[in-house]
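See structure below.
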Amino acid sequence: MVNLRPIPGDFLEVDHRSARARPRSVRAKLCSRCTAAGMTATIVLLLVSAAVIYVSCEYFVNGVEWAGRGLGVAHGAVGTVLAAFGTALPESVVTFVAVVFGDSAAQKEIGVGAALGGPLVLGTIAYAVVGLAFLARKGERRQALLESVDTGKLTRDQAQFMAIFAVNVALGLVAFAIKPWLGALLVIAYGRYVWEEMRHPDEAGAAAAELAPLKLRPRVREPATGWVVVQTAMALGAIFFGSRLFVHQLDALGPWLGLSPQLVALLLSPVATELPEMLNVVIWMRQGKVALALGNISGAMMIQATIPSAFGILFTPWLLSRPLVWAGVITMIAVATLFALLRSQALGPARLSLVGLFYALFAAGLLLVGG
């Protein structure tokens, strides 16, 4: 038997495997190393998941363009409907599961927060990404891209979104018996939006000329429908799992940044869930397909303002907390600013990129209240 004599003022821990005792200072050093290694692993996984999402988005936008052509979908609707629906589907499912099958009020609150956080990120950071992409171009190339922007359609999209989103926020401020039934109206509103987008005439010749070869069949001029479906579905699955991994790493990183779980859910998680849409924008802007990039944002904003919110209104009391009301207010201010600049023909790349500051304003207000 080993005789252990504790040192005065120190704590000894017995290691039963080696029959040795370690002072608390040694144990603290070991824990510190383990924690540092855990943070390093979190950052590495964060970067790996971001890379997986980006590569998957490359395959997704390529596949969804071919899918749109095969289905005879209007070229603009490829961004506003097909791409937006595909990238918003995983997070809509997450919201549905949270509000319908959540075991506690806190879990349901997460679903409601996701329904409001998505439009906030898209209406601020995503549009800022477009502005920065314009600024990255020079000379005649930038001017040509600017002239390709359909400001009339973009203005109508912002107006339609504001009307629906304002109703969502207003419903979150009051309680009344028939509120759940109003969720069905949001689904109808999105159906109407899809119908309008799909019936627009297609620029068939231009769209066909701009299509890059399908990545899974790069040497085939007209790939079979099966290959298009396989590539698009596989890319969407990879985006989903990459996004989940990205969100989990942000959740683990939050405590290192001094953020509570609630602040992580409101500040960082929406950015992570909307990352595929923003990467789609980056890819399409790099390819010079401004209509698809802007359409992906406006289409994603419409689906986020209707389908996830409809789930929340149908299956929860839909009473917004102060942070969620703050998120709704900032979203409305940002989109209203875009709308005003578009109406006055004053929305240039620099001003568009500055829209991202509204998210910084949201974060500052949230941290001030949360702190």
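Ordering of the structure tokens sets the chain letters (A, B, ...); residue numbers start at 1 within each chain; ligands are numbered from 1 in the order shown.
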
Output as CSV one row per residue of segment 86-122 of chain A within 9 Å of segment 314-332 of chain A: the closest atom pair and its distance in Å to one decimal place, counting only C-alpha atoms, sorted by chain and residue number ascending.
```
residue,atom,partner,partner_atom,distance
A:Phe96,CA,A:Phe315,CA,8.9
A:Val99,CA,A:Phe315,CA,6.0
A:Val100,CA,A:Phe315,CA,6.0
A:Ala105,CA,A:Thr316,CA,8.8
A:Lys108,CA,A:Thr316,CA,7.0
A:Glu109,CA,A:Thr316,CA,8.5
A:Val112,CA,A:Trp318,CA,7.3
A:Gly113,CA,A:Leu324,CA,6.6
A:Leu116,CA,A:Gly328,CA,6.7
A:Gly117,CA,A:Ala327,CA,6.9
A:Pro119,CA,A:Thr331,CA,7.0
A:Leu120,CA,A:Thr331,CA,4.9
A:Val121,CA,A:Thr331,CA,8.3
```

Take the residues that were just selected and, keeping C-alpha atoms, output them as a compact mmCIF listing (two decimals), in the first residue's frame.
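part10.txt was written with the following content:
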```txt
# COMPACT_ATOMS: atom_id res chain seq x y z
CA PHE A 96 -40.74 22.45 -37.99
CA VAL A 99 -41.95 23.96 -32.87
CA VAL A 100 -43.95 20.76 -33.39
CA ALA A 105 -40.97 26.13 -24.32
CA LYS A 108 -40.04 26.03 -29.34
CA GLU A 109 -38.52 29.47 -28.78
CA VAL A 112 -39.38 30.91 -33.50
CA GLY A 113 -35.98 32.61 -33.31
CA LEU A 116 -37.02 35.56 -37.58
CA GLY A 117 -33.23 35.28 -37.62
CA PRO A 119 -34.64 37.08 -42.85
CA LEU A 120 -32.48 39.35 -40.69
CA VAL A 121 -29.24 37.80 -41.97
```

Helix (DSSP H, G or I) residues, from DSSP on the backbone, in segment 202-351 of chain A, as number ranges by chain: A: 204-210, 225-257, 261-267, 269-273, 275-286, 290-315, 322-343, 349-351

From A:Met301, A:Leu361, A:Ile313, A:Leu338, residue lying nearest Ile178 of chain A [only C-alpha atoms]: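 That would be A:Ile313, the residue with the smallest distance to Ile178 of chain A.
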
Close residues, segment 217-234 of chain A itself excluded, 10 Å, only C-alpha atoms, min 3 positions apart in chain, as a VMD selection string: chain A and resid 56 to 57 59 to 67 70 to 71 86 211 to 214 237 to 240

Distance criterion (only C-alpha atoms): nearest to Ile333 of chain A out of A:Gly191, A:Gly295, A:Phe358, A:Gly79: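 Looking at the shortest contact to Ile333 of chain A, the residue is A:Phe358.
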
9 Å contact set for Glu197 of chain A, only C-alpha atoms, chain neighbours under 5 positions out, as a PyMOL selection string: chain A and resi 74+76-77+80-81+192
